[in-house]
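Visitor: Here's a structure for you.
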Amino acid sequence: MNGGRALFTMAWKRALLEKREVRTSEGRYTITLEREDLSVLYPAMERYTLTLRAGKKEVAVFRTNTYEYSPTVGLDPRSVARQRARIWEERLKDEPLDFLEYLTKEQTRRLPTLPLTDVLVIQGSPRADGNCSILAGWVAEEVKISRKSVQVLLPDDMEIHPCIGCYQCYNTGACTFEDEMEGVVRALRCARLLVVCTPVYTSTVPAGLKALIDRCQALHAALNFTGRRRMEGTCGLLLGVCGRQGQENFACLAPVVEVFMENLGIVPAGEVLVDGIDRARDIRTIPGLEGWVRKAVRTALSTSCCPS
């Protein structure tokens with residue numbers, strides 16, 4: 001359950017369920033409850049939108065959907081929205097000034113602080129000084145040679161709460177958690193090239209990177225609600241390292257990153273997967289590797305999905 005801003009342009013099948021007028025010492029207010037059919041996104045998904053208006057001005061919005069509620073909680077979105085409507089009406093009558101101030105604070109999210117750059121590099125290894133950091137460094141250097149801006153993010157050094165599958169992002173297009181992931185999403189929206197550098201951990205990506213990937217479900221929801229369905233003009237490059245020898249060790253990791261990009265409509269622009277690192281220890285000792293990585297970056301930057 002979550003408040004939200006009016007930021008959706010896609011037309012969904014919508015029905016007005018309730019409308020009530022509330023008169024207070026501060027003026028007249030209207031509370032409406034609407035149901036939307038979002039089954040085009042997920043089977044049988046419905047979203048209920050509760051809106052408080054003063055005349056034509058939107059004062060507050062509360063949204064909730066069917067996927068938020070686990071079978072054991074004994075709740076459903078329509079009854080929750082109706083209960084919220086009753087609470088709004090009662091508080092408007094009893095303490096209008098305090099309640100309106102509370103609503104304003106409740107729906108204000110803190111601004112993200114990450115810079116916006118042409119290229120976003122996600123260094124997915126918990127080791128800030130390991131082989132993935134070397135890969136990220138090569139990428140950043142090559143991007144700067146191309147006279148584009150770049151930043152490198154380390155998920156393990158950031159405050160990123162794991163996704164809890166609450167589906168509240170399908171109410172507002174934003175995650176219920178207010179943490180550094182908001183800045184990551186803004187940076188993703190701005191970047192023309194996403195580079196994921198990751199080691200293989202138990203056949204897949206490390207936990208910190210997986211948390212970031214999962215939290216991008218809110219961006220997926222926002223893209224759906226604005227009718228875009230994809231991040232236009234963004235391409236993605238995967239750089240992976242693995243201790244054991246054999247490309248088969250990337251059999252689980254690569255699809256995770258590929259589906260992550262596909263979910264956001266990011267166009268694949270290549271991959272460099274380096275195995276046998278347990279013996280090599282330092283990827284800088286592998287003949288030709290730095291050149292291959294730099295070439296992959298240049299090629300990605302020159303593709304049609306990464307305009308100048």
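Letters A, B, ... go to the chains of the structure tokens in the order shown; residues in each chain start at 1; ligands are counted from 1 in the same order.
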For A:Gly243, work out the shell of residues within 9 Å, counting only C-alpha atoms and skipping chain neighbours fewer than 6 positions away, then give it as number ranges by chain.
Guide: A: 199-200, 249, 274-281
Visitor: Need to verify the contact set: A:Met231, 9 Å, only C-alpha atoms, exclusion of same-chain residues closer than 3 positions in sequence. Can you return it as a list of chain:residue names?
Guide: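 Contacts, with the query itself left out: A:Leu188, A:Arg189, A:Leu223, A:Arg228, A:Thr234, A:Cys235, A:Leu264, A:Gly265, A:Ile266, A:Val267.
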Visitor: Applying 10 Å and only C-alpha atoms, which residues near stretch 60-73 of chain A remain after dropping the ones on its own chain fewer than 6 positions away? List them as a ChimeraX atom specification.
Guide: /A:1-6,31-38,42-54,80-81,84-85,100,103-104,106-107,165-172
Visitor: Go ahead and write the selection's residues with N, CA and C atoms as a tab-separated table (two decimals), in the first residue's frame.
Guide:
chain	number	residue	atom	x	y	z
A	1	MET	N	0.85	-1.18	0.00
A	1	MET	CA	0.00	0.00	0.00
A	1	MET	C	0.88	1.22	0.00
A	2	ASN	N	0.55	2.21	-0.82
A	2	ASN	CA	1.48	3.32	-0.96
A	2	ASN	C	0.78	4.52	-1.55
A	3	GLY	N	1.22	5.69	-1.17
A	3	GLY	CA	0.78	6.91	-1.81
A	3	GLY	C	1.47	7.04	-3.14
A	4	GLY	N	1.09	8.03	-3.94
A	4	GLY	CA	1.76	8.16	-5.22
A	4	GLY	C	1.45	9.44	-5.92
A	5	ARG	N	2.23	9.72	-6.97
A	5	ARG	CA	2.06	10.90	-7.77
A	5	ARG	C	1.35	10.55	-9.07
A	6	ALA	N	0.67	11.52	-9.65
A	6	ALA	CA	-0.06	11.27	-10.90
A	6	ALA	C	0.92	11.35	-12.05
A	31	ILE	N	-13.47	13.03	-2.49
A	31	ILE	CA	-12.72	11.78	-2.42
A	31	ILE	C	-13.32	10.81	-3.42
A	32	THR	N	-12.50	10.32	-4.36
A	32	THR	CA	-13.00	9.36	-5.34
A	32	THR	C	-12.20	8.06	-5.24
A	33	LEU	N	-12.85	6.97	-5.54
A	33	LEU	CA	-12.21	5.65	-5.58
A	33	LEU	C	-12.47	5.05	-6.95
A	34	GLU	N	-11.39	4.69	-7.66
A	34	GLU	CA	-11.50	4.11	-8.98
A	34	GLU	C	-10.79	2.77	-9.05
A	35	ARG	N	-11.29	1.89	-9.92
A	35	ARG	CA	-10.67	0.59	-10.15
A	35	ARG	C	-10.13	0.55	-11.58
A	36	GLU	N	-8.90	0.04	-11.73
A	36	GLU	CA	-8.28	-0.08	-13.05
A	36	GLU	C	-7.92	-1.55	-13.31
A	37	ASP	N	-8.12	-1.98	-14.53
A	37	ASP	CA	-7.77	-3.34	-14.94
A	37	ASP	C	-6.36	-3.32	-15.52
A	38	LEU	N	-5.40	-3.93	-14.80
A	38	LEU	CA	-4.01	-3.99	-15.26
A	38	LEU	C	-3.62	-5.40	-15.70
A	42	TYR	N	-0.14	-8.18	-15.65
A	42	TYR	CA	-0.13	-9.43	-14.90
A	42	TYR	C	-1.56	-9.97	-14.84
A	43	PRO	N	-1.71	-11.30	-14.88
A	43	PRO	CA	-3.06	-11.90	-14.87
A	43	PRO	C	-3.89	-11.43	-13.69
A	44	ALA	N	-5.09	-10.94	-13.97
A	44	ALA	CA	-6.08	-10.55	-12.97
A	44	ALA	C	-5.61	-9.43	-12.03
A	45	MET	N	-4.61	-8.66	-12.44
A	45	MET	CA	-4.17	-7.54	-11.59
A	45	MET	C	-5.15	-6.38	-11.72
A	46	GLU	N	-5.59	-5.88	-10.56
A	46	GLU	CA	-6.42	-4.69	-10.49
A	46	GLU	C	-5.75	-3.67	-9.58
A	47	ARG	N	-5.88	-2.40	-9.92
A	47	ARG	CA	-5.34	-1.35	-9.08
A	47	ARG	C	-6.48	-0.42	-8.66
A	48	TYR	N	-6.48	-0.05	-7.38
A	48	TYR	CA	-7.50	0.84	-6.85
A	48	TYR	C	-6.83	2.17	-6.49
A	49	THR	N	-7.39	3.26	-7.01
A	49	THR	CA	-6.81	4.58	-6.82
A	49	THR	C	-7.78	5.46	-6.04
A	50	LEU	N	-7.32	5.93	-4.91
A	50	LEU	CA	-8.08	6.84	-4.06
A	50	LEU	C	-7.48	8.23	-4.22
A	51	THR	N	-8.31	9.21	-4.56
A	51	THR	CA	-7.82	10.56	-4.84
A	51	THR	C	-8.58	11.58	-4.01
A	52	LEU	N	-7.83	12.48	-3.41
A	52	LEU	CA	-8.41	13.59	-2.65
A	52	LEU	C	-8.16	14.87	-3.42
A	53	ARG	N	-9.23	15.61	-3.73
A	53	ARG	CA	-9.10	16.85	-4.47
A	53	ARG	C	-9.76	18.00	-3.74
A	54	ALA	N	-9.17	19.17	-3.89
A	54	ALA	CA	-9.78	20.43	-3.45
A	54	ALA	C	-10.14	21.17	-4.73
A	80	VAL	N	-9.24	-2.26	1.57
A	80	VAL	CA	-8.20	-1.40	2.13
A	80	VAL	C	-8.39	0.04	1.65
A	81	ALA	N	-8.68	0.22	0.35
A	81	ALA	CA	-8.88	1.57	-0.19
A	81	ALA	C	-10.11	2.23	0.42
A	84	ARG	N	-9.25	3.38	3.85
A	84	ARG	CA	-8.43	4.59	3.78
A	84	ARG	C	-9.32	5.81	3.49
A	85	ALA	N	-10.33	5.64	2.63
A	85	ALA	CA	-11.24	6.74	2.31
A	85	ALA	C	-11.99	7.20	3.56
A	100	LEU	N	-3.89	17.71	6.35
A	100	LEU	CA	-3.37	18.11	5.05
A	100	LEU	C	-1.86	18.26	5.08
A	103	LEU	N	-0.43	14.73	4.93
A	103	LEU	CA	-0.50	14.15	3.59
A	103	LEU	C	0.62	14.68	2.70
A	104	THR	N	0.92	15.96	2.83
A	104	THR	CA	1.99	16.56	2.04
A	104	THR	C	3.33	15.91	2.35
A	106	GLU	N	3.79	12.93	3.71
A	106	GLU	CA	3.74	11.50	3.41
A	106	GLU	C	4.10	11.23	1.95
A	107	GLN	N	3.75	12.14	1.05
A	107	GLN	CA	3.92	11.89	-0.37
A	107	GLN	C	5.13	12.60	-0.96
A	165	GLY	N	9.09	-8.08	-3.15
A	165	GLY	CA	7.99	-8.58	-3.95
A	165	GLY	C	6.63	-8.06	-3.52
A	166	CYS	N	6.57	-6.82	-3.04
A	166	CYS	CA	5.31	-6.27	-2.54
A	166	CYS	C	4.41	-5.74	-3.65
A	167	TYR	N	4.95	-5.51	-4.83
A	167	TYR	CA	4.24	-5.00	-6.00
A	167	TYR	C	3.66	-3.60	-5.78
A	168	GLN	N	4.15	-2.88	-4.79
A	168	GLN	CA	3.68	-1.51	-4.60
A	168	GLN	C	4.16	-0.58	-5.71
A	169	CYS	N	5.22	-0.97	-6.41
A	169	CYS	CA	5.68	-0.16	-7.55
A	169	CYS	C	4.64	-0.13	-8.65
A	170	TYR	N	3.71	-1.07	-8.66
A	170	TYR	CA	2.65	-1.05	-9.65
A	170	TYR	C	1.48	-0.17	-9.23
A	171	ASN	N	1.65	0.54	-8.12
A	171	ASN	CA	0.71	1.59	-7.74
A	171	ASN	C	1.21	2.95	-8.18
A	172	THR	N	2.51	3.18	-8.05
A	172	THR	CA	3.06	4.52	-8.23
A	172	THR	C	4.16	4.63	-9.27
Visitor: Tell me, as a ChimeraX atom specification, which residues lie within 9 Å of stretch 128-145 of chain A, counting only C-alpha atoms; anything in the same chain fewer than 6 positions away does not count.
Guide: /A:118-119,121-122,151-152,154,156-157,195-199,239-241,277,281-284,290,293-295,297-298,301
Visitor: Mind pulling up the distance from atom CA of A:Thr113 to atom CA of A:Val259?
Guide: 27.3 Å
Visitor: Identify, with DSSP run on backbone atoms, the residues in stretch 58-304 of chain A assigned to strand (DSSP E or B), and express the list as a ChimeraX atom specification.
Guide: /A:58-65,119-123,150-153,193-199,201,204,235-241,267-274
Visitor: Please report the interatomic distance between atom CA of A:Cys242 and atom CA of A:Tyr201 in Å with one decimal.
Guide: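 One can read the atom CA of A:Cys242 to atom CA of A:Tyr201 distance as 8.3 Å.
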Visitor: Of the residues A:Ile286, A:Val59, A:Gly74, A:Lys105, which is the one nearest to A:Trp88, using only C-alpha atoms?
Guide: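 Selected residue with least distance to A:Trp88: A:Val59.
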Visitor: Identify which of the residues A:Asn224, A:Thr176, A:Thr299, A:Thr204 lies closest to A:Leu237, counting only C-alpha atoms when measuring atom-to-atom distances.
Guide: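 Closest to A:Leu237 of all the choices is A:Thr299.
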Visitor: Which one is closest to A:Gly124: A:Val205, A:Ser39, A:Gly288, A:Leu97? Count only C-alpha atoms.
Guide: A:Val205
Visitor: Looking at only C-alpha atoms, which of A:Arg127, A:Val40, A:Gly233, A:Leu194 is the one that sits closest to A:Glu271?
Guide: A:Leu194
Visitor: With DSSP run on the backbone, what are the helix (DSSP H, G or I) residues within stretch 126-195 of chain A? I'd like them as a PyMOL selection string.
Guide: chain A and resi 131-145+155-157+169-172+181-190
Visitor: Print the selection's residues with C-alpha atoms to a file, as a short mmCIF file (atom, residue, chain, number, x, y, z; two decimals), in the first residue's frame.
Guide:
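Below is the file that was written, result-v6.cif:
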data_model
loop_
_atom_site.label_atom_id
_atom_site.label_comp_id
_atom_site.auth_asym_id
_atom_site.auth_seq_id
_atom_site.Cartn_x
_atom_site.Cartn_y
_atom_site.Cartn_z
CA ASN A 131 39.38 -7.99 -11.08
CA CYS A 132 35.94 -6.48 -11.72
CA SER A 133 37.25 -3.14 -10.50
CA ILE A 134 40.04 -3.43 -13.07
CA LEU A 135 37.45 -4.09 -15.78
CA ALA A 136 35.41 -1.11 -14.61
CA GLY A 137 38.54 1.04 -14.67
CA TRP A 138 39.31 0.07 -18.28
CA VAL A 139 35.74 0.90 -19.24
CA ALA A 140 35.82 4.30 -17.53
CA GLU A 141 39.14 5.20 -19.18
CA GLU A 142 37.88 4.25 -22.64
CA VAL A 143 34.65 6.20 -22.16
CA LYS A 144 36.60 9.32 -21.18
CA ILE A 145 38.76 8.93 -24.30
CA PRO A 155 26.09 -1.86 -5.09
CA ASP A 156 27.79 -3.34 -2.01
CA ASP A 157 28.80 0.15 -0.87
CA CYS A 169 5.68 -0.16 -7.55
CA TYR A 170 2.65 -1.05 -9.65
CA ASN A 171 0.71 1.59 -7.74
CA THR A 172 3.06 4.52 -8.23
CA MET A 181 18.23 2.96 -5.49
CA GLU A 182 16.24 6.06 -6.46
CA GLY A 183 19.47 7.64 -7.67
CA VAL A 184 20.42 4.46 -9.53
CA VAL A 185 17.11 4.51 -11.41
CA ARG A 186 17.59 8.15 -12.42
CA ALA A 187 21.12 7.35 -13.58
CA LEU A 188 19.85 4.38 -15.58
CA ARG A 189 17.21 6.53 -17.26
CA CYS A 190 19.88 9.03 -18.34
#
Visitor: Restricting the calculation to only C-alpha atoms: of A:Leu75, A:Leu289, A:Val256, A:Ala222, which residue gets closest to A:Leu41?
Guide: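 Once distances to A:Leu41 are computed over only C-alpha atoms, the minimum belongs to A:Ala222.
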